[in-house]
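Heads up: the structure comes next, in structure tokens.
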Amino acid sequence: MRRIPARVFGASLSRRNFLRAGGVLAVGLGAVGLEVAHTHAAGPTVPGNSLDPTLPSSWIEIHPDNTVLMRTGKSDFGQGTVYTAYRQIVAEELSVPFEAITTVVQGDTDRTPDGSGAFDFLGSGMPNIRKAAAYTYQALLGLASDHLGVPKDKLTVTDGVVSGGGKSISYGDLVKDQQLKLTIPVSGDLTGIGGLSVEGNPPMKQVSEYKIIGKSFQNSVTRSKVTAKETWVTDVRLPGMLHGRVLHPKTLGSKLISAGALDKTKFPTAQLIVKGNLVAVVSPSEWEAIQAAEAVAGSTQWTEWKGLPGNADLFRHLRDDMDWKSTPVTKAPTNKGNVEAALRSARKKLSATYQLSYMKHAPIGPSMAVADVSPDGMVHVHTHTQNPQQLRAEIAMMLKSTPDHVVVHTYSGPGHYGRSNGGNAGAEDEAVLLSQATGKPVRVQWMRADDMQWSTQSPAAFSDVQLAIDDNGKLAAYQIDHYMPAMQDDRLVGAVLAGLPTQPAPYVVADSIASTSNDLQDPWTYPTTPNLLEHGHGTFQVGQQASPTAIGLRDHSMRTPGQFQQNYPRELAISEAAALAGADAIQFRIDHSTDERAIGVLKAVREASGWQTHPSPQPAASATGSATVTGRGVALMFRSQTWWACVAEVSVTPSTGVIVVDKVTVAVDPGIVINPQQLKRQIQGGTVMGIGIALMEEVAFDQSSVTTDDWIAYPIPSMADLPEINVVLVHNPKVGTYGAGSEAANALAAPAIAAAFHDATGKNIRRLPMKPAYVQAVLSS
Amino acid sequence: MATITVNGVRHEVHAPGDTPLLYILRNELLLTGPQFGCGLAQCGACSVLIDGKETRSCAVALSDITPKQEITTLEGLSARWSEQMHLPAEEAKTTLHPVQQAWIDEQTPQCGFCQNGMMIKATELLESNPKPTVAQIKAAFTTSGPSPNVCRCGTYTAIIEAVQHAGQLMVEGK
């Protein structure tokens with residue numbers, strides 16, 4: 001019996017007293033700091049994980065054949081991070097080849113350990129899986145030291161083979177014919193927004209020793225997706241499964257008067273289901289379900305409701321009619337000086353309001369899920385969700401059950417860009433209710449209009465800026481007041497319609513994701529400014545309080561949530577401040593920066609874009625005529641330990657109001673670049689979404705409903721809108737962390753494009769989207 | 001009942017004539033490469049080739065298809081290429097269509113949900129023009145069909161690079 005190191009940097013390793021064929025080193029969950037509600041009486045596990053409580057759910061398994069399995073609760077949403085960067089991180093910390101990690105298990109509530117959402121994958125450089133791998137590495141070193149009789153610090157590891165004292169042994173041989181269990185400390189709430197965190201500080205591989213991080217490994221699921229081998233959520237079929245279509249109410253505040261009749265002669269196998277205000281049709285035939293739903297919808301009666309302002313009146317309504325007083329104002333920790341006095345005494349001043357319309361996440365595939373509710377109350381949900389553990393908790397709440405009765409299985413699906421993080425994507429809860437009602441598995445597929453009209457949106461917002469320039473052309477004072485309705489409505493909409501329990505609608509509360517509070521999300525990046533005031537004003541969702549079902553325009557986080565709504569006005573105002581100071585917009589930013597990484601990305605983007613230094617507007621600027629004028633603008637952002645700078649070059653035709661984005665250059669310093677090709681692809685894609693947000697995307701609504709119900713009414717960029725995109729990756733290993741937040745790419749374009757418009761035309765444009773009619777109005781003002 | 005030919009195989013389909021082809025492919029034939037995106041021929045996620053032409057399967061009724069029309073789905077792309085190249089059976093088994101290979105090499109998809117239609121469109125284009133210019137690629141993906149083929153992840157740069165790469169592979173006969 002070999003001695004096993006008892007504790008390794010806070011982790012404890014034990015050997016089971018039985019052998020299992022093959023043997024394995026499984027790194028499991030420890031119960032340290034785990035919330036009581038999620039601690040199983042029988043041992044260190046979490047309720048409802050179907051893993052054997054005596055075999056803690058594994059993060060990482062080392063197999064006798066030298067292959068490695070890893071598990072993460074994070075779902076892949078197309079970023080590929082769990083299949084590329086995560087694998088590289090684990091391989092690096094374990095000192096095994098990238099290819100040795102043959103299996104990545106992600107998402108499912110019963111097969112993965114840590115929960116949380118498909119955001120912030122790299123968690124300021126310390127994702128759970130990195131620490132789990134580091135603990136595992138130490139345990140393997142301990143085993144090898146014991147086996148080889150060589151002290152740990154005299155051992156070296158190359159490609160999963162430990163050497164020392166002239167001897168060597170592979171990881172596979174170290175774990176062969178043994179059942180080893182490493183228990184590591186974790187804390188947190190499995191079904192909460194953040195899930196569990198691995199605790200402690202195991203030693204990490206030195207950045208200078210990296211061999212795998214920094215290389216462009218390919219995403220392993222690409223092949224199965226492009227060869228039609230992937231099992232998408234849309235492909236899930238269960239025996240006896242019915243197809244469901246939900247007849248969503250006529251307006252966002254309607255209640256059901258009477259459901260229409262289902263004509264059984266026309267639709268013999270269809271069935272109508274009504275639960276509160278949730279009306280649906282199910283059928284073994286998808287086409288029959290679609291047609292029957294349409295027919296029933298035609299004769300279904302709903303109450304009228306006119307509780308929305310209509311988007312033409314949105315910004316007046318937001319400022320004048322919304323309750324901005326009930327929710328405490330948030331203040332930036334960087335606020336300083338006396339802005340009021342500085343504004344009073346300054347000669348060069350700017351006072352302006354910036355506005356952003358509602359936008360849609362607009363996945364290419366509408367919300368869709370399959371649910372199977374057993375007579376014993378077990379619920380299986382097959383879906384594509386950004387936070388399976390939170391979804392399970394929400395479903396359990398709806399059913400007045402407990403999370404251990406709900407298993408969420410995740411599959412590849414259309415990217416959601418933030419909206420399904422609270423489980424509120426729509427079809428999941430509806431599928432559960434329809435399965436419960438029919439006793440059969442039900443597949444609910446939202447149609448395009450359902451998705452456009454009944455999904456959440458990225459909230460509209462406006463910001464008031466006042467700033468002053470001193471006699472030296474420097475920013476003397478800056479004040480910004482951000483106004484935005486609540487951003488995170490995690491209610492399951494099917495549960496709301498059915499009158500079942502949900503999370504509360506956004507309300508005035510401290511420290512909750514459901515709060516109406518408008519937190520300051522965009523770190524101030526110009527520290528030389530002597531007087532600074534940043535405030536966040538929050539309120540309820542538009543229409544929420546006027547709706548008898550408390551629905552209204554539900555909002556949910558969308559890529560760079562909240563920070564986009566704050567960075568767009570901030571960066572556009574800084575470009576205007578530079579113009580007011582008679583300064584070049586990049587040099588002005590550099591002159592107000594102290595962080596060398598900020599200055600680094602600004603210089604990098606200046607050089608890579610071929611930026612011509614001059615104050616805006618450029619000398620040939622024109623606001624009239626049919627001749628095209630050109631301009632360039634810049635934007636800067638700090639997000640998740642990563643610095644971003646973006647230059648947009650545009651052509652404007654004043655007579656038509658059409659803005660064309662010709663070229664976008666993005667410079668990014670995330671610290672350590674893990675996978676250059678994947679990061680570049682993410683940034684290229686985000687830039688395209690950013691152009692859509694800047695130029696064309698706007699949720700339109702009347703007093704009752706969202707009216708942009710298809711791709712014609714809500715256009716997103718096509719290839720025709722694609723500019724030349726130049727991505728500059730600033731690999732900065734001395735920072736020592738993996739910066740996160742490639743989603744920031746989608747936030748950079750709008751303020752840079754608006755600044756470029758001013759450079760081209762001499763006119764300030766301060767509302768998104770910059771559609772031609774609005775552009776023409778700005779140009780003729 | 002109707003007879004349709006998909007990926008070289010004839011199928012007898014029992015479904016109402018007004019059923020969109022998409023549901024026949026996905027639910028009856030279990031060919032799930034085409035995806036439901038809009039049901040309105042506005043996005044391209046459901047595209048298939050019908051006699052070589054990119055067609056939105058959500059907007060074609062079963063009764064409008066004749067048995068002689070050759071329907072190719074994403075599942076049939078590799079065989080389509082092998083047949084065009086007269087590859088021996090053994091080689092055909094492991095050969096991907098150059099479009100698929102290029103999509104992997106260029107790491108084109110993000111979420112990948114729209115990429116079925118993108119690859120179908122690319123195949124249609126490259127079969128008639130293996131060396132398209134960027135302008136021709138942009139035209140193919142925006143104006144040649146009932147709507148642009150749209151990608152919410154914004155992978156258009158990667159698609160253009162992959163189309164050019166695939167064209168190169170096709171010219172080389174790989």
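Residue numbering restarts at 1 for every chain of the structure tokens, chains are lettered A, B, ... in their displayed order, and ligands are numbered from 1 as they appear.
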
Next item on the list: Just the residues within 8 Å of Met118 of chain B, please, counting only C-alpha atoms, with nothing from its chain fewer than 2 positions along; format it as a ChimeraX atom specification.
Entry: /B:44-45,114-116,120-122,141,149,159

Would you output that residue set with C-alpha atoms, as a tab-separated table (two decimals), in the first residue's frame?
chain	number	residue	atom	x	y	z
B	44	GLY	CA	-31.48	30.38	-45.37
B	45	ALA	CA	-30.98	28.06	-42.38
B	114	CYS	CA	-27.00	28.98	-40.08
B	115	GLN	CA	-24.00	27.26	-41.61
B	116	ASN	CA	-26.05	24.53	-43.30
B	120	ILE	CA	-25.37	24.92	-49.50
B	121	LYS	CA	-25.11	28.41	-50.95
B	122	ALA	CA	-21.34	28.09	-51.26
B	141	PHE	CA	-24.97	35.30	-50.36
B	149	ASN	CA	-28.34	34.08	-46.01
B	159	ILE	CA	-17.40	32.43	-44.81

At most 9 Å is the cut-off: for each residue in chain A with any atom that close to an atom of chain B, write down the nearest atom pair and the distance in Å rounded to one decimal, counting only C-alpha atoms, chain first then increasing number, as CSV.
residue,atom,partner,partner_atom,distance
A:Asp76,CA,B:Cys111,CA,8.3
A:Phe77,CA,B:Cys111,CA,5.9
A:Gly78,CA,B:Cys111,CA,3.5
A:Gln79,CA,B:Gln110,CA,5.8
A:Gly80,CA,B:Gln110,CA,7.1
A:Gln218,CA,B:Gln107,CA,6.9
A:Asn219,CA,B:Gln107,CA,7.3
A:Thr222,CA,B:Ile104,CA,6.1
A:Arg223,CA,B:Ile104,CA,6.0
A:Lys225,CA,B:Gly112,CA,6.7
A:Val226,CA,B:Gln100,CA,5.9
A:Thr227,CA,B:Glu75,CA,6.5
A:Ala228,CA,B:Gly33,CA,5.1
A:Lys229,CA,B:Glu75,CA,8.3
A:Glu230,CA,B:Gly33,CA,8.9
A:Thr231,CA,B:Thr32,CA,8.8
A:Trp232,CA,B:Thr32,CA,8.6
A:Thr234,CA,B:Gln35,CA,7.7
A:Asp235,CA,B:Thr32,CA,6.6
A:Ser285,CA,B:Asn27,CA,8.7
A:Glu286,CA,B:Tyr23,CA,7.3
A:Trp287,CA,B:Thr19,CA,6.4
A:Glu288,CA,B:Thr19,CA,8.9
A:His361,CA,B:Arg152,CA,8.7
A:Ala362,CA,B:Arg152,CA,7.3
A:Pro363,CA,B:Arg152,CA,6.3
A:Ile364,CA,B:Gly37,CA,5.5
A:Gly365,CA,B:Gly37,CA,4.6
A:Pro366,CA,B:Gly37,CA,6.5
A:Ser412,CA,B:Cys111,CA,7.6
A:Gly413,CA,B:Phe113,CA,6.4
A:Pro414,CA,B:Phe113,CA,5.2
A:Gly415,CA,B:Cys111,CA,5.4
A:Tyr417,CA,B:Cys153,CA,8.7
A:Met447,CA,B:Cys38,CA,6.7
A:Arg448,CA,B:Cys38,CA,4.9
A:Ala449,CA,B:Cys38,CA,8.3
A:Gln677,CA,B:Gln107,CA,8.1
A:Gln678,CA,B:Gln107,CA,7.7
A:Arg681,CA,B:Ala158,CA,7.2
A:Gln682,CA,B:Gln110,CA,7.5
A:Gln684,CA,B:Thr157,CA,6.9
A:Gly685,CA,B:Gly154,CA,4.0
A:Gly686,CA,B:Gly154,CA,6.5
A:Thr687,CA,B:Gly154,CA,7.5
A:Val688,CA,B:Gly154,CA,5.1
A:Met689,CA,B:Gly154,CA,6.1
A:Asp710,CA,B:Cys38,CA,7.7
A:Trp711,CA,B:Gln42,CA,6.3
A:Ile712,CA,B:Gln42,CA,7.6
A:Ile716,CA,B:Arg152,CA,7.3
A:Pro717,CA,B:Val150,CA,7.3
A:Ser718,CA,B:Val150,CA,5.5
A:Met719,CA,B:Tyr156,CA,5.8
A:Ala720,CA,B:Lys138,CA,6.0
A:Leu722,CA,B:Tyr156,CA,7.0
A:Pro723,CA,B:Thr157,CA,8.8
A:Glu724,CA,B:Thr157,CA,8.2
A:Ile725,CA,B:Thr157,CA,7.8

Item checked: DSSP helix (DSSP H, G or I) residues within segment 75-106 of chain A, listed as a list of chain:residue names -> A:Ala85, A:Tyr86, A:Arg87, A:Gln88, A:Ile89, A:Val90, A:Ala91, A:Glu92, A:Glu93, A:Leu94, A:Phe98, A:Glu99, A:Ala100

At a cut-off of 9 Å, using only C-alpha atoms, what residues contact Ser435 of chain A? Leave out same-chain residues fewer than 4 positions from it and give the result as a PDB file with N, CA and C atoms, in the first residue's frame.
ATOM      1  N   LEU A 242     -44.798  14.657 -28.896  1.00  0.00           N
ATOM      2  CA  LEU A 242     -45.744  15.516 -29.606  1.00  0.00           C
ATOM      3  C   LEU A 242     -45.056  16.834 -29.963  1.00  0.00           C
ATOM      4  N   VAL A 370     -37.416  20.378 -25.780  1.00  0.00           N
ATOM      5  CA  VAL A 370     -38.221  19.174 -25.584  1.00  0.00           C
ATOM      6  C   VAL A 370     -38.268  18.901 -24.087  1.00  0.00           C
ATOM      7  N   ALA A 371     -39.448  18.594 -23.574  1.00  0.00           N
ATOM      8  CA  ALA A 371     -39.562  18.254 -22.157  1.00  0.00           C
ATOM      9  C   ALA A 371     -40.302  16.941 -22.009  1.00  0.00           C
ATOM     10  N   ASP A 372     -39.927  16.223 -20.962  1.00  0.00           N
ATOM     11  CA  ASP A 372     -40.549  14.934 -20.672  1.00  0.00           C
ATOM     12  C   ASP A 372     -40.794  14.874 -19.167  1.00  0.00           C
ATOM     13  N   VAL A 373     -42.054  14.990 -18.792  1.00  0.00           N
ATOM     14  CA  VAL A 373     -42.421  14.969 -17.377  1.00  0.00           C
ATOM     15  C   VAL A 373     -42.994  13.594 -17.052  1.00  0.00           C
ATOM     16  N   SER A 374     -42.336  12.887 -16.151  1.00  0.00           N
ATOM     17  CA  SER A 374     -42.789  11.539 -15.793  1.00  0.00           C
ATOM     18  C   SER A 374     -43.892  11.619 -14.743  1.00  0.00           C
ATOM     19  N   GLU A 430     -42.631  26.109 -21.323  1.00  0.00           N
ATOM     20  CA  GLU A 430     -43.867  25.769 -22.033  1.00  0.00           C
ATOM     21  C   GLU A 430     -43.897  24.282 -22.383  1.00  0.00           C
ATOM     22  N   ALA A 431     -42.734  23.763 -22.800  1.00  0.00           N
ATOM     23  CA  ALA A 431     -42.674  22.330 -23.116  1.00  0.00           C
ATOM     24  C   ALA A 431     -42.943  21.492 -21.867  1.00  0.00           C
ATOM     25  N   GLY A 439     -48.943  14.106 -20.606  1.00  0.00           N
ATOM     26  CA  GLY A 439     -48.325  12.858 -20.181  1.00  0.00           C
ATOM     27  C   GLY A 439     -47.367  12.296 -21.216  1.00  0.00           C
ATOM     28  N   LYS A 440     -47.004  13.124 -22.189  1.00  0.00           N
ATOM     29  CA  LYS A 440     -46.077  12.667 -23.233  1.00  0.00           C
ATOM     30  C   LYS A 440     -44.948  13.692 -23.385  1.00  0.00           C
ATOM     31  N   PRO A 441     -43.837  13.251 -23.944  1.00  0.00           N
ATOM     32  CA  PRO A 441     -42.800  14.248 -24.249  1.00  0.00           C
ATOM     33  C   PRO A 441     -43.334  15.254 -25.272  1.00  0.00           C
ATOM     34  N   VAL A 442     -43.017  16.514 -25.068  1.00  0.00           N
ATOM     35  CA  VAL A 442     -43.491  17.551 -25.999  1.00  0.00           C
ATOM     36  C   VAL A 442     -42.309  18.404 -26.451  1.00  0.00           C
ATOM     37  N   ARG A 443     -42.286  18.604 -27.747  1.00  0.00           N
ATOM     38  CA  ARG A 443     -41.283  19.484 -28.355  1.00  0.00           C
ATOM     39  C   ARG A 443     -41.973  20.799 -28.710  1.00  0.00           C
TER      40      ARG A 443
END

Check: Looking at A:Ala598, A:Ala713, A:Leu533, A:Ile683, which one is nearest to Leu343 of chain A, with distances taken over only C-alpha atoms?
Finding: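 Checking each candidate against Leu343 of chain A, we get A:Leu533 as the closest.
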
Set the distance at 8 Å and use only C-alpha atoms: which residues neighbour Asp555 of chain A once local chain neighbours fewer than 6 positions away are removed? I'd like the list as a tab-separated table (two decimals) with C-alpha atoms, in the first residue's frame.
chain	number	residue	atom	x	y	z
A	456	THR	CA	-36.74	39.39	-24.07
A	457	GLN	CA	-34.88	42.34	-25.52
A	458	SER	CA	-31.77	44.31	-24.76
A	459	PRO	CA	-33.11	47.38	-22.95
A	486	ALA	CA	-34.19	46.75	-15.52
A	487	MET	CA	-32.06	44.44	-17.61
A	488	GLN	CA	-32.44	40.98	-16.14
A	489	ASP	CA	-35.94	39.51	-16.19
A	541	GLN	CA	-39.34	47.55	-17.46

Next item on the list: Extract, using only C-alpha atoms, all DNA, RNA and protein residues at most 9 Å from Leu21 of chain B, discarding same-chain residues fewer than 3 positions from it, and format them as an MDAnalysis selection string.
Entry: chainID B and resid 18 24:26 56:62 65

How about saving the chosen residues, N, CA and C atoms kept, as a PDB file, in the first residue's frame?
ATOM      1  N   ASP B  18     -49.315  19.797 -48.919  1.00  0.00           N
ATOM      2  CA  ASP B  18     -48.923  21.178 -48.604  1.00  0.00           C
ATOM      3  C   ASP B  18     -47.831  21.240 -47.527  1.00  0.00           C
ATOM      4  N   ILE B  24     -40.601  17.390 -43.961  1.00  0.00           N
ATOM      5  CA  ILE B  24     -40.433  16.041 -44.515  1.00  0.00           C
ATOM      6  C   ILE B  24     -38.995  15.573 -44.283  1.00  0.00           C
ATOM      7  N   LEU B  25     -38.058  16.438 -44.607  1.00  0.00           N
ATOM      8  CA  LEU B  25     -36.652  16.067 -44.467  1.00  0.00           C
ATOM      9  C   LEU B  25     -36.317  15.775 -43.007  1.00  0.00           C
ATOM     10  N   ARG B  26     -36.713  16.684 -42.137  1.00  0.00           N
ATOM     11  CA  ARG B  26     -36.305  16.563 -40.733  1.00  0.00           C
ATOM     12  C   ARG B  26     -37.074  15.457 -40.000  1.00  0.00           C
ATOM     13  N   ARG B  56     -34.963  27.270 -50.377  1.00  0.00           N
ATOM     14  CA  ARG B  56     -35.396  27.302 -48.970  1.00  0.00           C
ATOM     15  C   ARG B  56     -36.440  26.196 -48.758  1.00  0.00           C
ATOM     16  N   SER B  57     -36.057  25.162 -48.047  1.00  0.00           N
ATOM     17  CA  SER B  57     -36.948  24.001 -47.933  1.00  0.00           C
ATOM     18  C   SER B  57     -38.172  24.306 -47.073  1.00  0.00           C
ATOM     19  N   CYS B  58     -38.147  25.396 -46.324  1.00  0.00           N
ATOM     20  CA  CYS B  58     -39.320  25.754 -45.514  1.00  0.00           C
ATOM     21  C   CYS B  58     -40.433  26.325 -46.371  1.00  0.00           C
ATOM     22  N   ALA B  59     -40.089  26.693 -47.613  1.00  0.00           N
ATOM     23  CA  ALA B  59     -41.068  27.390 -48.448  1.00  0.00           C
ATOM     24  C   ALA B  59     -41.379  26.629 -49.732  1.00  0.00           C
ATOM     25  N   VAL B  60     -41.057  25.339 -49.753  1.00  0.00           N
ATOM     26  CA  VAL B  60     -41.395  24.502 -50.911  1.00  0.00           C
ATOM     27  C   VAL B  60     -42.333  23.400 -50.430  1.00  0.00           C
ATOM     28  N   ALA B  61     -43.505  23.312 -51.036  1.00  0.00           N
ATOM     29  CA  ALA B  61     -44.454  22.273 -50.628  1.00  0.00           C
ATOM     30  C   ALA B  61     -44.061  20.936 -51.250  1.00  0.00           C
ATOM     31  N   LEU B  62     -44.344  19.889 -50.517  1.00  0.00           N
ATOM     32  CA  LEU B  62     -44.052  18.537 -50.993  1.00  0.00           C
ATOM     33  C   LEU B  62     -44.640  18.301 -52.379  1.00  0.00           C
ATOM     34  N   ILE B  65     -42.766  19.161 -55.687  1.00  0.00           N
ATOM     35  CA  ILE B  65     -41.501  18.497 -56.019  1.00  0.00           C
ATOM     36  C   ILE B  65     -41.791  17.239 -56.835  1.00  0.00           C
TER      37      ILE B  65
END

Next item on the list: Measuring atom to atom with only C-alpha atoms, identify which of A:Asp263, A:Glu294, A:Glu304, A:Asp376 is nearest to Gln703 of chain A.
Entry: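 Once distances to Gln703 of chain A are computed over only C-alpha atoms, the minimum belongs to A:Glu304.
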
Near Thr72 of chain B, counting only C-alpha atoms, which residues have an atom at most 6 Å away, once you skip same-chain residues fewer than 2 positions from it, shown as a PDB file with N, CA and C atoms, in the first residue's frame?
ATOM      1  N   VAL B   6     -33.808  12.211 -52.615  1.00  0.00           N
ATOM      2  CA  VAL B   6     -32.942  13.002 -51.737  1.00  0.00           C
ATOM      3  C   VAL B   6     -31.601  12.303 -51.591  1.00  0.00           C
ATOM      4  N   ASN B   7     -30.552  13.029 -51.876  1.00  0.00           N
ATOM      5  CA  ASN B   7     -29.181  12.495 -51.781  1.00  0.00           C
ATOM      6  C   ASN B   7     -29.059  11.172 -52.544  1.00  0.00           C
ATOM      7  N   VAL B  48     -31.523  23.698 -49.046  1.00  0.00           N
ATOM      8  CA  VAL B  48     -31.059  22.471 -49.688  1.00  0.00           C
ATOM      9  C   VAL B  48     -30.776  22.820 -51.153  1.00  0.00           C
ATOM     10  N   LEU B  49     -30.104  21.930 -51.837  1.00  0.00           N
ATOM     11  CA  LEU B  49     -29.967  22.094 -53.280  1.00  0.00           C
ATOM     12  C   LEU B  49     -31.080  21.303 -53.954  1.00  0.00           C
ATOM     13  N   GLY B  76     -25.708  15.059 -47.882  1.00  0.00           N
ATOM     14  CA  GLY B  76     -25.364  14.496 -49.182  1.00  0.00           C
ATOM     15  C   GLY B  76     -24.235  15.213 -49.894  1.00  0.00           C
TER      16      GLY B  76
END

Note to self: Rounded to one decimal, what separation in Å do you get between atom CA of Ser463 of chain A and atom CA of Gln355 of chain A?
What the structure shows: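 Atom CA of Gln355 of chain A lies 6.6 Å from atom CA of Ser463 of chain A.
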
Notebook entry, point to check: Do you know which residues are at most 10 Å from Thr81 of chain A counting only C-alpha atoms, after dropping those on the same chain fewer than 2 positions away, and could you put them as a PyMOL selection string?
Noted result: chain A and resi 74-79+83-88+118+121-122+219+674-675+678-679

Dump of N, CA and C atoms for the selected residues, as a PDB file, in the first residue's frame:
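Ended up saving to out31.pdb:
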ATOM      1  N   LYS A  74     -20.359  24.958 -17.895  1.00  0.00           N
ATOM      2  CA  LYS A  74     -20.567  25.998 -18.897  1.00  0.00           C
ATOM      3  C   LYS A  74     -21.053  25.359 -20.205  1.00  0.00           C
ATOM      4  N   SER A  75     -22.056  25.950 -20.804  1.00  0.00           N
ATOM      5  CA  SER A  75     -22.553  25.451 -22.086  1.00  0.00           C
ATOM      6  C   SER A  75     -21.846  26.175 -23.220  1.00  0.00           C
ATOM      7  N   ASP A  76     -21.585  25.443 -24.269  1.00  0.00           N
ATOM      8  CA  ASP A  76     -21.002  26.117 -25.432  1.00  0.00           C
ATOM      9  C   ASP A  76     -22.100  26.816 -26.212  1.00  0.00           C
ATOM     10  N   PHE A  77     -21.883  28.075 -26.486  1.00  0.00           N
ATOM     11  CA  PHE A  77     -22.851  28.838 -27.271  1.00  0.00           C
ATOM     12  C   PHE A  77     -22.268  29.313 -28.585  1.00  0.00           C
ATOM     13  N   GLY A  78     -21.263  28.559 -29.060  1.00  0.00           N
ATOM     14  CA  GLY A  78     -20.672  28.919 -30.339  1.00  0.00           C
ATOM     15  C   GLY A  78     -19.333  29.602 -30.198  1.00  0.00           C
ATOM     16  N   GLN A  79     -19.023  30.039 -28.988  1.00  0.00           N
ATOM     17  CA  GLN A  79     -17.703  30.634 -28.795  1.00  0.00           C
ATOM     18  C   GLN A  79     -16.634  29.565 -28.948  1.00  0.00           C
ATOM     19  N   TYR A  83     -14.289  23.930 -25.886  1.00  0.00           N
ATOM     20  CA  TYR A  83     -13.612  22.935 -26.725  1.00  0.00           C
ATOM     21  C   TYR A  83     -12.214  23.382 -27.159  1.00  0.00           C
ATOM     22  N   THR A  84     -11.911  24.629 -26.955  1.00  0.00           N
ATOM     23  CA  THR A  84     -10.595  25.123 -27.382  1.00  0.00           C
ATOM     24  C   THR A  84      -9.820  25.661 -26.179  1.00  0.00           C
ATOM     25  N   ALA A  85     -10.172  26.861 -25.720  1.00  0.00           N
ATOM     26  CA  ALA A  85      -9.396  27.485 -24.636  1.00  0.00           C
ATOM     27  C   ALA A  85      -9.399  26.631 -23.368  1.00  0.00           C
ATOM     28  N   TYR A  86     -10.560  26.087 -23.002  1.00  0.00           N
ATOM     29  CA  TYR A  86     -10.619  25.271 -21.783  1.00  0.00           C
ATOM     30  C   TYR A  86      -9.711  24.047 -21.895  1.00  0.00           C
ATOM     31  N   ARG A  87      -9.777  23.434 -23.045  1.00  0.00           N
ATOM     32  CA  ARG A  87      -8.934  22.262 -23.274  1.00  0.00           C
ATOM     33  C   ARG A  87      -7.455  22.634 -23.196  1.00  0.00           C
ATOM     34  N   GLN A  88      -7.129  23.778 -23.787  1.00  0.00           N
ATOM     35  CA  GLN A  88      -5.726  24.213 -23.771  1.00  0.00           C
ATOM     36  C   GLN A  88      -5.263  24.506 -22.344  1.00  0.00           C
ATOM     37  N   ALA A 118     -23.105  30.647 -19.577  1.00  0.00           N
ATOM     38  CA  ALA A 118     -22.208  30.706 -20.720  1.00  0.00           C
ATOM     39  C   ALA A 118     -21.737  32.144 -20.913  1.00  0.00           C
ATOM     40  N   PHE A 121     -16.299  33.098 -19.569  1.00  0.00           N
ATOM     41  CA  PHE A 121     -15.697  31.770 -19.559  1.00  0.00           C
ATOM     42  C   PHE A 121     -14.330  31.750 -18.875  1.00  0.00           C
ATOM     43  N   LEU A 122     -13.580  32.820 -19.093  1.00  0.00           N
ATOM     44  CA  LEU A 122     -12.207  32.793 -18.605  1.00  0.00           C
ATOM     45  C   LEU A 122     -12.069  33.448 -17.241  1.00  0.00           C
ATOM     46  N   ASN A 219     -11.518  23.990 -33.076  1.00  0.00           N
ATOM     47  CA  ASN A 219     -12.699  23.612 -32.297  1.00  0.00           C
ATOM     48  C   ASN A 219     -13.159  22.224 -32.748  1.00  0.00           C
ATOM     49  N   ILE A 674      -5.012  33.055 -25.595  1.00  0.00           N
ATOM     50  CA  ILE A 674      -4.996  31.596 -25.478  1.00  0.00           C
ATOM     51  C   ILE A 674      -5.021  30.931 -26.845  1.00  0.00           C
ATOM     52  N   ASN A 675      -5.925  31.402 -27.714  1.00  0.00           N
ATOM     53  CA  ASN A 675      -6.091  30.767 -29.017  1.00  0.00           C
ATOM     54  C   ASN A 675      -6.327  31.867 -30.059  1.00  0.00           C
ATOM     55  N   GLN A 678      -9.253  31.425 -32.769  1.00  0.00           N
ATOM     56  CA  GLN A 678     -10.621  31.464 -32.233  1.00  0.00           C
ATOM     57  C   GLN A 678     -10.975  32.867 -31.759  1.00  0.00           C
ATOM     58  N   LEU A 679     -10.037  33.535 -31.126  1.00  0.00           N
ATOM     59  CA  LEU A 679     -10.307  34.898 -30.642  1.00  0.00           C
ATOM     60  C   LEU A 679     -10.573  35.830 -31.818  1.00  0.00           C
TER      61      LEU A 679
END

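Interatomic distance, atom CA of Pro98 of chain B to atom CA of Ala166 of chain B: 5.1 Å.
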
Notebook entry, point to check: Using only C-alpha atoms, which of the listed residues (A:Leu94, A:Asp177, A:Met398, A:Tyr568) sits closest to Tyr137 of chain A?
Noted result: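 Nearest to Tyr137 of chain A: A:Leu94.
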
Notebook entry, point to check: Which residue out of A:Val673, A:Leu155, A:Val668, A:Ala461 has the minimum interatomic distance to Arg767 of chain A when only C-alpha atoms are used?
Noted result: A:Ala461

Next item on the list: Would you return as number ranges by chain the members of segment 247-444 of chain A that DSSP assigns to strand (DSSP E) on this structure's backbone?
Entry: A: 256-258, 271-275, 278-283, 301-302, 330-331, 348-356, 359-360, 368-373, 379-383, 406-410, 442-444

Notebook entry, point to check: When you draw a straight line from atom CA of Gln641 of chain A to atom CA of Phe119 of chain A, how long is it in Å?
Noted result: 14.3 Å
